[in-house]
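Contents: one structure, followed by commentary.
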Amino acid sequence: MHVFVTGASGWIGSAVTAELLAAGHQVTGLARSEESAAAVSAAGASVHRGSLDDLDSLRAGARAADAVIHLGFKHDFSDMPGAWRTERAVVETFLSTLEGSDRPFLLASGVAGLTPGRAVTERDPNPSHGPDSMRGGAENLALEHADRGVRSVSVRFAPTVHGQGDHGFVATLAGVARSTGVSGYVGDGSARWPAVHRLDAAHVVRLALEGAPAGSVVHAVAEEGVPTREIAEALGRGLGLPTQSIAARDVDGHFGWIGRFFALDIPASSGLTRELLGWAPTRPTLLADLDAGFYTDPV
Ligand SMILES: NC(=O)c1ccc[n+]([C@@H]2O[C@H](COP(=O)([O-])OP(=O)(O)OC[C@H]3O[C@@H](n4cnc5c(N)ncnc54)[C@H](OP(=O)(O)O)[C@@H]3O)[C@@H](O)[C@H]2O)c1
């Protein structure tokens with residue numbers, strides 16, 4: 001398949017690009033700058049210049065391809081409503097372009113906050129509806145198009161897609177530990193975070209592209225829930241810093257924006273995804289990557 005990938009220069013998108021090319025697919029990656037164009041090109045993909053804010057560029061990219069994988073996102077944590085508005089507009093654009101074509105449309109989503117108190121499964125609906133909701137309600141919008149001639153598939157990623165070179169949440173926690181001198185966890189550290197290695201995540205994206213039916217929800221989750229205390233302890237070992245419990249009232253002051261997120265107990269399963277796609281994660285665990293020293297250098 002010829003696949004148009006947004007976010008092809010990003011953490012997950014670059015791994016997905018490599019995975020698709022290795023499996024014999026052709027990839028065209030969206031690039032908004034010379035730097036991202038060079039990264040997409042160096043990965044062996046064709047470059048489509050444009051941006052998430054240039055909806056015409058997205059329409060043209062989608063029209064020329066057999067499938068779209070949307071992994072681009074504005075990770076501006078100072079303006080999440082703005083990022084969500086963009087996400088909504090981008091997904092609306094892709095869906096209207098692909099409607100009636102039966103072509104695959106995969107979009108990224110997350111597992112956080114869907115079913116407080118228990119592990120979220122692929123069957124649990126996403127409570128975010130409408131443009132002003134989390135991620136612009138884009139997952140539901142896409143899934144609703146499954147009966148309008150789009151093979152839409154939501155890929156919900158674990159909050160840590162880890163590996164060497166990660167600049168996401170765990171790297172941010174490492175930065176907090178470096179600046180405060182302690183590797184903190186919230187309360188008793190029993191809150192759990194699911195995890196997936198970046199290469200396992202890329203593999204399940206390809207399997208979903210090739211085989212997930214319209215309207216599927218797929219969980220890119222290898223570990224259902226790693227206790228946050230164990231994450232903090234492994235970070236502390238790697239950084240040579242003591243591990244310490246942070247009281248709930250001090251979370252914002254100690255961790256900044258990531259504290260409330262690190263406090264969440266958000267286990268997620270992927271049993272249905274493994275059954276549907278025959279996916280079996282094989283890469284190192286989050287704690288193994290932490291112990292391998294991938295989070296000790298500042299990013
Ligand atoms: N990583 C995780 O642990 C994780 C967990 C759950 C969900 N997700 C979701 O999975 C998706 C991919 O995440 P990621 O970690 O790969 O993100 P990332 O490394 O931050 O990459 C984001 C991508 O989006 C592109 N982008 C940002 N703004 C753009 C714009 N205005 N126009 C065009 N492209 C733009 C970036 O291009 P440049 O190279 O030009 O900056 C980059 O290719 C996102 O939707 C994310 O929210 C990720």
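Chain identifiers are assigned as A, B, and so on, following the order in which chains appear in the structure tokens; residues are numbered from 1 within each chain, and ligands are numbered from 1 in order of appearance.
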
6 Å shell around ligand 1 using only C-alpha atoms and all ligand atoms, listed as a PDB file with N, CA and C atoms, in the first residue's frame:
ATOM      1  N   GLY A   7       3.118  13.067  10.998  1.00  0.00           N
ATOM      2  CA  GLY A   7       3.972  12.781  12.161  1.00  0.00           C
ATOM      3  C   GLY A   7       5.074  11.787  11.836  1.00  0.00           C
ATOM      4  N   ALA A   8       5.382  11.634  10.547  1.00  0.00           N
ATOM      5  CA  ALA A   8       6.375  10.628  10.139  1.00  0.00           C
ATOM      6  C   ALA A   8       7.766  10.944  10.701  1.00  0.00           C
ATOM      7  N   SER A   9       8.004  12.215  11.033  1.00  0.00           N
ATOM      8  CA  SER A   9       9.307  12.580  11.597  1.00  0.00           C
ATOM      9  C   SER A   9       9.328  12.430  13.120  1.00  0.00           C
ATOM     10  N   GLY A  10       8.202  12.050  13.725  1.00  0.00           N
ATOM     11  CA  GLY A  10       8.104  12.001  15.178  1.00  0.00           C
ATOM     12  C   GLY A  10       8.582  10.683  15.768  1.00  0.00           C
ATOM     13  N   TRP A  11       8.401  10.563  17.066  1.00  0.00           N
ATOM     14  CA  TRP A  11       8.896   9.404  17.827  1.00  0.00           C
ATOM     15  C   TRP A  11       8.241   8.105  17.344  1.00  0.00           C
ATOM     16  N   ILE A  12       6.923   8.085  17.310  1.00  0.00           N
ATOM     17  CA  ILE A  12       6.223   6.876  16.873  1.00  0.00           C
ATOM     18  C   ILE A  12       6.219   6.808  15.345  1.00  0.00           C
ATOM     19  N   GLY A  13       5.981   7.951  14.706  1.00  0.00           N
ATOM     20  CA  GLY A  13       5.857   7.969  13.241  1.00  0.00           C
ATOM     21  C   GLY A  13       7.116   7.498  12.532  1.00  0.00           C
ATOM     22  N   ALA A  31       5.721  16.689   6.076  1.00  0.00           N
ATOM     23  CA  ALA A  31       6.829  17.403   6.727  1.00  0.00           C
ATOM     24  C   ALA A  31       6.565  18.905   6.653  1.00  0.00           C
ATOM     25  N   ARG A  32       6.670  19.562   7.816  1.00  0.00           N
ATOM     26  CA  ARG A  32       6.353  21.005   7.859  1.00  0.00           C
ATOM     27  C   ARG A  32       7.604  21.873   7.789  1.00  0.00           C
ATOM     28  N   SER A  33       8.781  21.266   7.832  1.00  0.00           N
ATOM     29  CA  SER A  33      10.015  22.062   7.839  1.00  0.00           C
ATOM     30  C   SER A  33      11.098  21.321   7.060  1.00  0.00           C
ATOM     31  N   SER A  36      12.284  18.390   9.257  1.00  0.00           N
ATOM     32  CA  SER A  36      11.459  17.169   9.264  1.00  0.00           C
ATOM     33  C   SER A  36      11.472  16.506   7.896  1.00  0.00           C
ATOM     34  N   SER A  51       1.369  21.017   6.421  1.00  0.00           N
ATOM     35  CA  SER A  51       1.300  21.150   7.868  1.00  0.00           C
ATOM     36  C   SER A  51      -0.089  20.768   8.354  1.00  0.00           C
ATOM     37  N   LEU A  52      -0.198  20.501   9.642  1.00  0.00           N
ATOM     38  CA  LEU A  52      -1.501  20.173  10.225  1.00  0.00           C
ATOM     39  C   LEU A  52      -2.444  21.370  10.133  1.00  0.00           C
ATOM     40  N   ASP A  53      -1.895  22.569   9.947  1.00  0.00           N
ATOM     41  CA  ASP A  53      -2.727  23.767   9.819  1.00  0.00           C
ATOM     42  C   ASP A  53      -3.092  24.062   8.370  1.00  0.00           C
ATOM     43  N   LEU A  71      -0.442  10.431  12.775  1.00  0.00           N
ATOM     44  CA  LEU A  71       0.312  10.394  14.033  1.00  0.00           C
ATOM     45  C   LEU A  71       0.859  11.775  14.406  1.00  0.00           C
ATOM     46  N   GLY A  72       0.615  12.765  13.557  1.00  0.00           N
ATOM     47  CA  GLY A  72       1.092  14.121  13.862  1.00  0.00           C
ATOM     48  C   GLY A  72       0.229  14.729  14.964  1.00  0.00           C
ATOM     49  N   PHE A  73       0.828  15.495  15.829  1.00  0.00           N
ATOM     50  CA  PHE A  73       0.068  16.127  16.915  1.00  0.00           C
ATOM     51  C   PHE A  73       0.884  17.293  17.449  1.00  0.00           C
ATOM     52  N   LYS A  74       0.177  18.387  17.813  1.00  0.00           N
ATOM     53  CA  LYS A  74       0.869  19.529  18.416  1.00  0.00           C
ATOM     54  C   LYS A  74       0.984  19.288  19.907  1.00  0.00           C
ATOM     55  N   HIS A  75       2.150  18.840  20.349  1.00  0.00           N
ATOM     56  CA  HIS A  75       2.323  18.575  21.781  1.00  0.00           C
ATOM     57  C   HIS A  75       2.717  19.850  22.511  1.00  0.00           C
ATOM     58  N   ALA A 108      -4.117   8.171  16.002  1.00  0.00           N
ATOM     59  CA  ALA A 108      -3.575   7.921  17.337  1.00  0.00           C
ATOM     60  C   ALA A 108      -4.547   8.413  18.391  1.00  0.00           C
ATOM     61  N   SER A 109      -4.661   7.648  19.469  1.00  0.00           N
ATOM     62  CA  SER A 109      -5.425   8.092  20.619  1.00  0.00           C
ATOM     63  C   SER A 109      -4.696   7.597  21.877  1.00  0.00           C
ATOM     64  N   GLY A 110      -5.353   7.753  23.031  1.00  0.00           N
ATOM     65  CA  GLY A 110      -4.702   7.332  24.268  1.00  0.00           C
ATOM     66  C   GLY A 110      -5.641   6.500  25.127  1.00  0.00           C
ATOM     67  N   PHE A 157      -2.497   4.412  22.207  1.00  0.00           N
ATOM     68  CA  PHE A 157      -1.144   4.106  22.686  1.00  0.00           C
ATOM     69  C   PHE A 157      -1.082   4.207  24.211  1.00  0.00           C
ATOM     70  N   ALA A 158      -0.279   3.326  24.798  1.00  0.00           N
ATOM     71  CA  ALA A 158       0.042   3.457  26.221  1.00  0.00           C
ATOM     72  C   ALA A 158       0.687   4.825  26.442  1.00  0.00           C
ATOM     73  N   PRO A 159       0.559   5.395  27.656  1.00  0.00           N
ATOM     74  CA  PRO A 159       1.125   6.739  27.868  1.00  0.00           C
ATOM     75  C   PRO A 159       2.646   6.768  27.813  1.00  0.00           C
ATOM     76  N   THR A 160       3.264   5.612  27.928  1.00  0.00           N
ATOM     77  CA  THR A 160       4.690   5.625  27.646  1.00  0.00           C
ATOM     78  C   THR A 160       4.996   4.646  26.524  1.00  0.00           C
ATOM     79  N   VAL A 161       5.381   5.255  25.397  1.00  0.00           N
ATOM     80  CA  VAL A 161       5.885   4.488  24.245  1.00  0.00           C
ATOM     81  C   VAL A 161       7.397   4.676  24.341  1.00  0.00           C
ATOM     82  N   GLY A 168       9.355  11.635  25.583  1.00  0.00           N
ATOM     83  CA  GLY A 168       7.995  11.777  26.079  1.00  0.00           C
ATOM     84  C   GLY A 168       7.906  11.875  27.597  1.00  0.00           C
TER      85      GLY A 168
END

Do you know which residues are at most 10 Å from A:Val226 counting only C-alpha atoms, after dropping those on the same chain fewer than 4 positions away, and could you put them as an MDAnalysis selection string?
chainID A and resid 190:195 230:231 265:267 285:287

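Of the listed residues (A:Leu30, A:Leu264, A:Ala142, A:Ala45), A:Ala142 comes nearest to A:Glu87; the distances count only C-alpha atoms.
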
Using only C-alpha atoms, the shortest atom-to-atom distance to A:Glu223 among A:Ala201, A:Leu114, A:Val155, A:Leu95 belongs to A:Ala201

Discussion item. Residues near A:Arg85, anyone? I mean within 10 Å using only C-alpha atoms, not counting same-chain ones fewer than 2 positions away, as a PyMOL selection string.
Written reply: chain A and resi 80-83+87-90+131-138

Could those selected residues go to a file with all heavy atoms, as a CSV table (one decimal), in the first residue's frame?
chain,number,residue,atom,x,y,z
A,80,MET,N,-3.4,23.0,25.2
A,80,MET,CA,-4.0,21.8,24.7
A,80,MET,C,-5.3,22.0,24.0
A,80,MET,O,-5.6,21.3,23.0
A,80,MET,CB,-4.2,20.8,25.9
A,80,MET,CG,-2.9,20.2,26.4
A,80,MET,SD,-1.7,19.7,25.0
A,80,MET,CE,-2.3,18.2,24.6
A,81,PRO,N,-6.2,23.0,24.4
A,81,PRO,CA,-7.4,23.2,23.6
A,81,PRO,C,-7.1,23.5,22.2
A,81,PRO,O,-7.8,23.1,21.2
A,81,PRO,CB,-8.1,24.3,24.3
A,81,PRO,CG,-7.6,24.2,25.8
A,81,PRO,CD,-6.2,23.8,25.7
A,82,GLY,N,-6.0,24.3,22.0
A,82,GLY,CA,-5.6,24.6,20.6
A,82,GLY,C,-5.2,23.3,19.8
A,82,GLY,O,-5.5,23.1,18.7
A,83,ALA,N,-4.4,22.5,20.5
A,83,ALA,CA,-4.0,21.2,19.9
A,83,ALA,C,-5.2,20.3,19.5
A,83,ALA,O,-5.3,19.7,18.5
A,83,ALA,CB,-3.1,20.5,20.8
A,87,GLU,N,-6.5,19.0,16.0
A,87,GLU,CA,-6.8,17.5,15.8
A,87,GLU,C,-8.1,17.3,15.2
A,87,GLU,O,-8.3,16.5,14.2
A,87,GLU,CB,-6.6,16.8,17.1
A,87,GLU,CG,-6.9,15.3,17.1
A,87,GLU,CD,-5.8,14.5,16.4
A,87,GLU,OE1,-4.9,15.1,15.9
A,87,GLU,OE2,-5.9,13.3,16.5
A,88,ARG,N,-9.1,18.0,15.7
A,88,ARG,CA,-10.5,17.8,15.1
A,88,ARG,C,-10.5,18.2,13.7
A,88,ARG,O,-11.1,17.5,12.8
A,88,ARG,CB,-11.4,18.7,16.0
A,88,ARG,CG,-12.9,18.7,15.5
A,88,ARG,CD,-13.6,17.6,16.1
A,88,ARG,NE,-15.0,17.5,15.7
A,88,ARG,CZ,-15.8,16.6,16.2
A,88,ARG,NH1,-15.5,15.8,17.1
A,88,ARG,NH2,-17.1,16.5,15.7
A,89,ALA,N,-9.9,19.4,13.3
A,89,ALA,CA,-10.0,19.8,12.0
A,89,ALA,C,-9.3,18.9,11.0
A,89,ALA,O,-9.7,18.6,9.9
A,89,ALA,CB,-9.4,21.3,11.9
A,90,VAL,N,-8.1,18.4,11.5
A,90,VAL,CA,-7.3,17.5,10.6
A,90,VAL,C,-8.1,16.2,10.4
A,90,VAL,O,-8.2,15.7,9.2
A,90,VAL,CB,-6.0,17.1,11.4
A,90,VAL,CG1,-5.3,16.0,10.7
A,90,VAL,CG2,-5.1,18.4,11.4
A,131,PRO,N,-16.0,18.8,19.5
A,131,PRO,CA,-14.7,19.5,19.2
A,131,PRO,C,-14.0,20.1,20.4
A,131,PRO,O,-12.8,20.2,20.4
A,131,PRO,CB,-15.2,20.7,18.3
A,131,PRO,CG,-16.6,20.7,18.2
A,131,PRO,CD,-17.1,19.4,18.8
A,132,ASP,N,-14.8,20.3,21.5
A,132,ASP,CA,-14.2,20.9,22.7
A,132,ASP,C,-13.7,19.9,23.7
A,132,ASP,O,-13.2,20.2,24.8
A,132,ASP,CB,-15.1,21.9,23.4
A,132,ASP,CG,-15.5,23.0,22.5
A,132,ASP,OD1,-14.6,23.4,21.7
A,132,ASP,OD2,-16.7,23.5,22.5
A,133,SER,N,-13.9,18.6,23.4
A,133,SER,CA,-13.5,17.5,24.4
A,133,SER,C,-12.1,17.1,24.1
A,133,SER,O,-11.4,17.6,23.1
A,133,SER,CB,-14.4,16.4,24.2
A,133,SER,OG,-14.4,15.8,22.9
A,134,MET,N,-11.5,16.2,25.0
A,134,MET,CA,-10.2,15.8,24.9
A,134,MET,C,-9.9,15.3,23.5
A,134,MET,O,-10.6,14.5,22.9
A,134,MET,CB,-10.0,14.6,25.9
A,134,MET,CG,-8.6,14.0,25.8
A,134,MET,SD,-7.7,14.2,27.3
A,134,MET,CE,-8.5,13.3,28.5
A,135,ARG,N,-8.7,15.7,22.9
A,135,ARG,CA,-8.3,15.4,21.6
A,135,ARG,C,-9.3,15.7,20.5
A,135,ARG,O,-9.4,15.0,19.5
A,135,ARG,CB,-7.8,13.9,21.5
A,135,ARG,CG,-6.6,13.6,22.3
A,135,ARG,CD,-6.1,12.2,22.1
A,135,ARG,NE,-5.3,12.0,20.9
A,135,ARG,CZ,-4.0,12.1,20.8
A,135,ARG,NH1,-3.2,12.4,21.8
A,135,ARG,NH2,-3.4,12.0,19.6
A,136,GLY,N,-10.2,16.6,20.8
A,136,GLY,CA,-11.2,17.1,19.9
A,136,GLY,C,-12.3,16.0,19.6
A,136,GLY,O,-13.0,16.1,18.6
A,137,GLY,N,-12.4,15.0,20.5
A,137,GLY,CA,-13.3,13.9,20.2
A,137,GLY,C,-13.1,13.2,18.9
A,137,GLY,O,-13.9,12.6,18.3
A,138,ALA,N,-11.8,13.2,18.5
A,138,ALA,CA,-11.4,12.7,17.2
A,138,ALA,C,-11.6,11.2,17.0
A,138,ALA,O,-12.0,10.7,15.9
A,138,ALA,CB,-10.0,13.1,16.8

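Interatomic distance, atom CA of A:Asp102 to atom CA of A:Ala208: 14.7 Å.
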
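The interatomic distance for the pair atom CA of A:Ala37 and atom CA of A:Leu209 works out to 23.5 Å.
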
* Could you pull out the alpha helix (DSSP H) residues of stretch 33-126 of chain A from DSSP and send them as number ranges by chain? -> A: 34-42, 55-63, 80-98

Subject >> Nearby residues (only C-alpha atoms) at most 8 Å from A:Leu141, same-chain spacing under 3 positions excluded, as a list in words >> reply: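 So the residues in contact are Val91, Glu92, His129, Gly137, Ala138, Glu144 and His145 of chain A.
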
Q. Near A:Ala62, within 8 Å and counting only C-alpha atoms, which residues show up once chain neighbours fewer than 4 positions away are dropped, as a list of chain:residue names?
A. A:Phe4, A:Leu58, A:Asp66, A:Ala67, A:Val68, A:Phe94, A:Thr97, A:Leu98

For those residues, write all heavy atoms to a file as a CSV table (one decimal), in the first residue's frame.
chain,number,residue,atom,x,y,z
A,4,PHE,N,0.1,7.5,3.4
A,4,PHE,CA,0.4,8.8,3.8
A,4,PHE,C,0.4,8.9,5.3
A,4,PHE,O,-0.5,8.6,6.0
A,4,PHE,CB,-0.7,9.8,3.2
A,4,PHE,CG,-0.4,11.2,3.6
A,4,PHE,CD1,0.8,11.8,3.4
A,4,PHE,CD2,-1.5,12.0,4.0
A,4,PHE,CE1,1.0,13.2,3.7
A,4,PHE,CE2,-1.3,13.4,4.3
A,4,PHE,CZ,0.0,14.0,4.1
A,58,LEU,N,-3.2,18.4,3.5
A,58,LEU,CA,-3.6,17.1,4.0
A,58,LEU,C,-4.5,16.4,3.0
A,58,LEU,O,-4.4,15.2,2.7
A,58,LEU,CB,-4.3,17.2,5.3
A,58,LEU,CG,-3.5,18.0,6.4
A,58,LEU,CD1,-4.2,18.0,7.7
A,58,LEU,CD2,-2.1,17.3,6.6
A,66,ASP,N,-3.2,5.2,-0.7
A,66,ASP,CA,-4.2,4.1,-0.5
A,66,ASP,C,-4.7,4.1,0.9
A,66,ASP,O,-5.6,3.4,1.3
A,66,ASP,CB,-3.5,2.8,-0.8
A,66,ASP,CG,-2.9,2.7,-2.2
A,66,ASP,OD1,-3.6,3.1,-3.1
A,66,ASP,OD2,-1.8,2.3,-2.3
A,67,ALA,N,-3.9,4.8,1.8
A,67,ALA,CA,-4.3,4.7,3.3
A,67,ALA,C,-3.6,5.9,3.9
A,67,ALA,O,-2.6,6.5,3.4
A,67,ALA,CB,-3.7,3.4,3.9
A,68,VAL,N,-4.2,6.3,5.1
A,68,VAL,CA,-3.6,7.4,5.9
A,68,VAL,C,-3.4,6.9,7.3
A,68,VAL,O,-4.3,6.3,7.9
A,68,VAL,CB,-4.6,8.6,5.9
A,68,VAL,CG1,-4.1,9.7,6.8
A,68,VAL,CG2,-4.8,9.2,4.5
A,94,PHE,N,-9.5,14.6,6.8
A,94,PHE,CA,-9.1,13.2,6.3
A,94,PHE,C,-10.4,12.4,6.0
A,94,PHE,O,-10.5,11.8,5.0
A,94,PHE,CB,-8.2,12.5,7.3
A,94,PHE,CG,-6.8,12.9,7.1
A,94,PHE,CD1,-6.0,13.2,8.3
A,94,PHE,CD2,-6.2,13.1,5.9
A,94,PHE,CE1,-4.7,13.6,8.2
A,94,PHE,CE2,-4.8,13.5,5.8
A,94,PHE,CZ,-4.1,13.7,6.9
A,97,THR,N,-12.3,13.5,3.0
A,97,THR,CA,-11.5,13.2,1.8
A,97,THR,C,-11.6,11.7,1.5
A,97,THR,O,-11.7,11.3,0.3
A,97,THR,CB,-10.0,13.5,2.0
A,97,THR,OG1,-9.9,14.9,2.3
A,97,THR,CG2,-9.2,13.3,0.7
A,98,LEU,N,-11.7,10.8,2.5
A,98,LEU,CA,-11.6,9.4,2.3
A,98,LEU,C,-13.0,8.8,2.2
A,98,LEU,O,-13.2,7.6,1.8
A,98,LEU,CB,-10.9,8.7,3.5
A,98,LEU,CG,-9.4,9.1,3.6
A,98,LEU,CD1,-8.8,8.4,4.9
A,98,LEU,CD2,-8.6,8.6,2.4

Q. Nearest to A:Val170 among A:Gly184, A:Gly100, A:Gly189, A:Ala22, with distances taken over only C-alpha atoms: which residue is it?
A.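 Nearest to A:Val170: A:Gly184.
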
Item to complete: Determine which residues of stretch 45-154 of chain A receive a DSSP assignment of strand (DSSP E or B), computed from the backbone, and state them as a ChimeraX atom specification.
Response: /A:46-49,67-70,103-110,120,150-154

Would you mind exporting the chosen residues as a PDB file, in the first residue's frame, restricted to C-alpha atoms?
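Everything below was put into part_29.pdb:
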ATOM      1  CA  SER A  46       8.863  10.366   0.112  1.00  0.00           C
ATOM      2  CA  VAL A  47       8.228  13.850   1.471  1.00  0.00           C
ATOM      3  CA  HIS A  48       4.939  15.731   1.247  1.00  0.00           C
ATOM      4  CA  ARG A  49       5.466  19.316   2.366  1.00  0.00           C
ATOM      5  CA  ALA A  67      -4.266   4.726   3.258  1.00  0.00           C
ATOM      6  CA  VAL A  68      -3.633   7.423   5.869  1.00  0.00           C
ATOM      7  CA  ILE A  69      -1.957   6.977   9.257  1.00  0.00           C
ATOM      8  CA  HIS A  70      -2.363  10.120  11.334  1.00  0.00           C
ATOM      9  CA  ARG A 103      -9.511   3.175   2.389  1.00  0.00           C
ATOM     10  CA  PRO A 104      -7.908   2.697   5.818  1.00  0.00           C
ATOM     11  CA  PHE A 105      -7.615   5.666   8.162  1.00  0.00           C
ATOM     12  CA  LEU A 106      -5.660   5.060  11.373  1.00  0.00           C
ATOM     13  CA  LEU A 107      -5.431   7.718  14.041  1.00  0.00           C
ATOM     14  CA  ALA A 108      -3.575   7.921  17.337  1.00  0.00           C
ATOM     15  CA  SER A 109      -5.425   8.092  20.619  1.00  0.00           C
ATOM     16  CA  GLY A 110      -4.702   7.332  24.268  1.00  0.00           C
ATOM     17  CA  VAL A 120      -9.562  -0.104  29.977  1.00  0.00           C
ATOM     18  CA  VAL A 150     -13.819   4.703   5.644  1.00  0.00           C
ATOM     19  CA  ARG A 151     -11.910   1.804   7.247  1.00  0.00           C
ATOM     20  CA  SER A 152     -11.253   3.865  10.335  1.00  0.00           C
ATOM     21  CA  VAL A 153      -9.189   2.358  13.143  1.00  0.00           C
ATOM     22  CA  SER A 154      -8.186   4.007  16.406  1.00  0.00           C
TER      23      SER A 154
END

Exercise. Calculate how many Å separate atom CA of A:Ser101 from atom CA of A:Leu143, rounding to one decimal.
Key: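 It comes out at 15.2 Å.
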
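For the residues A:Arg237, A:Ser179, A:His2, A:Val186, ranking by smallest atom-to-atom distance to A:Asp250 using only C-alpha atoms places A:Val186 first.
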
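If only C-alpha atoms are the atoms counted, then among A:Arg123, A:His254, A:Arg229, A:Arg249 the closest residue to A:Gly175 is A:His254.
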
**Q.** A:Leu276 environment, 12 Å, only C-alpha atoms, sequence neighbours closer than 6 positions dropped, as a VMD selection string
**A.** chain A and resid 122 204 207 to 208 210 to 213 216 to 219 270

Emit the selected residues as a short mmCIF file (atom, residue, chain, number, x, y, z; two decimals), in the first residue's frame, including N, CA and C atoms.
data_model
loop_
_atom_site.label_atom_id
_atom_site.label_comp_id
_atom_site.auth_asym_id
_atom_site.auth_seq_id
_atom_site.Cartn_x
_atom_site.Cartn_y
_atom_site.Cartn_z
N GLU A 122 -10.40 -2.53 24.75
CA GLU A 122 -10.71 -2.00 23.43
C GLU A 122 -12.21 -1.77 23.27
N VAL A 204 2.30 -3.09 15.79
CA VAL A 204 0.84 -3.25 15.88
C VAL A 204 0.13 -2.24 14.96
N LEU A 207 0.12 -3.98 11.61
CA LEU A 207 -0.85 -5.07 11.58
C LEU A 207 -2.28 -4.52 11.48
N ALA A 208 -2.53 -3.42 12.19
CA ALA A 208 -3.87 -2.81 12.14
C ALA A 208 -4.15 -2.24 10.75
N GLU A 210 -3.00 -3.34 7.99
CA GLU A 210 -3.20 -4.45 7.05
C GLU A 210 -4.47 -5.25 7.32
N GLY A 211 -4.89 -5.30 8.61
CA GLY A 211 -5.95 -6.27 8.87
C GLY A 211 -7.09 -5.86 9.78
N ALA A 212 -7.05 -4.70 10.43
CA ALA A 212 -8.14 -4.38 11.37
C ALA A 212 -9.38 -3.93 10.60
N PRO A 213 -10.54 -4.47 10.96
CA PRO A 213 -11.76 -4.07 10.27
C PRO A 213 -12.17 -2.63 10.60
N SER A 216 -12.55 -0.53 14.26
CA SER A 216 -11.80 -1.21 15.34
C SER A 216 -11.10 -0.21 16.25
N VAL A 217 -10.98 -0.62 17.50
CA VAL A 217 -10.10 0.07 18.44
C VAL A 217 -8.99 -0.92 18.79
N VAL A 218 -7.76 -0.46 18.66
CA VAL A 218 -6.60 -1.32 18.89
C VAL A 218 -5.79 -0.72 20.04
N HIS A 219 -5.32 -1.55 20.93
CA HIS A 219 -4.50 -1.05 22.04
C HIS A 219 -3.01 -1.38 21.83
N SER A 270 -4.63 -5.32 26.41
CA SER A 270 -4.58 -5.40 24.95
C SER A 270 -4.94 -6.82 24.48
#

Shortest contact to A:Val27, candidates A:Gly117, A:Gly61, A:Gly163, A:Gly50, atoms counted only C-alpha atoms, goes to A:Gly61

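Once stretch 243-245 of chain A and its same-chain neighbours fewer than 4 positions away are set aside, Val182, Ser183, Gly184, Tyr185, Val186, Gly187, Asp188, Ala232, Glu233 and Gly236 of chain A remain within 7 Å of it when counting only C-alpha atoms.
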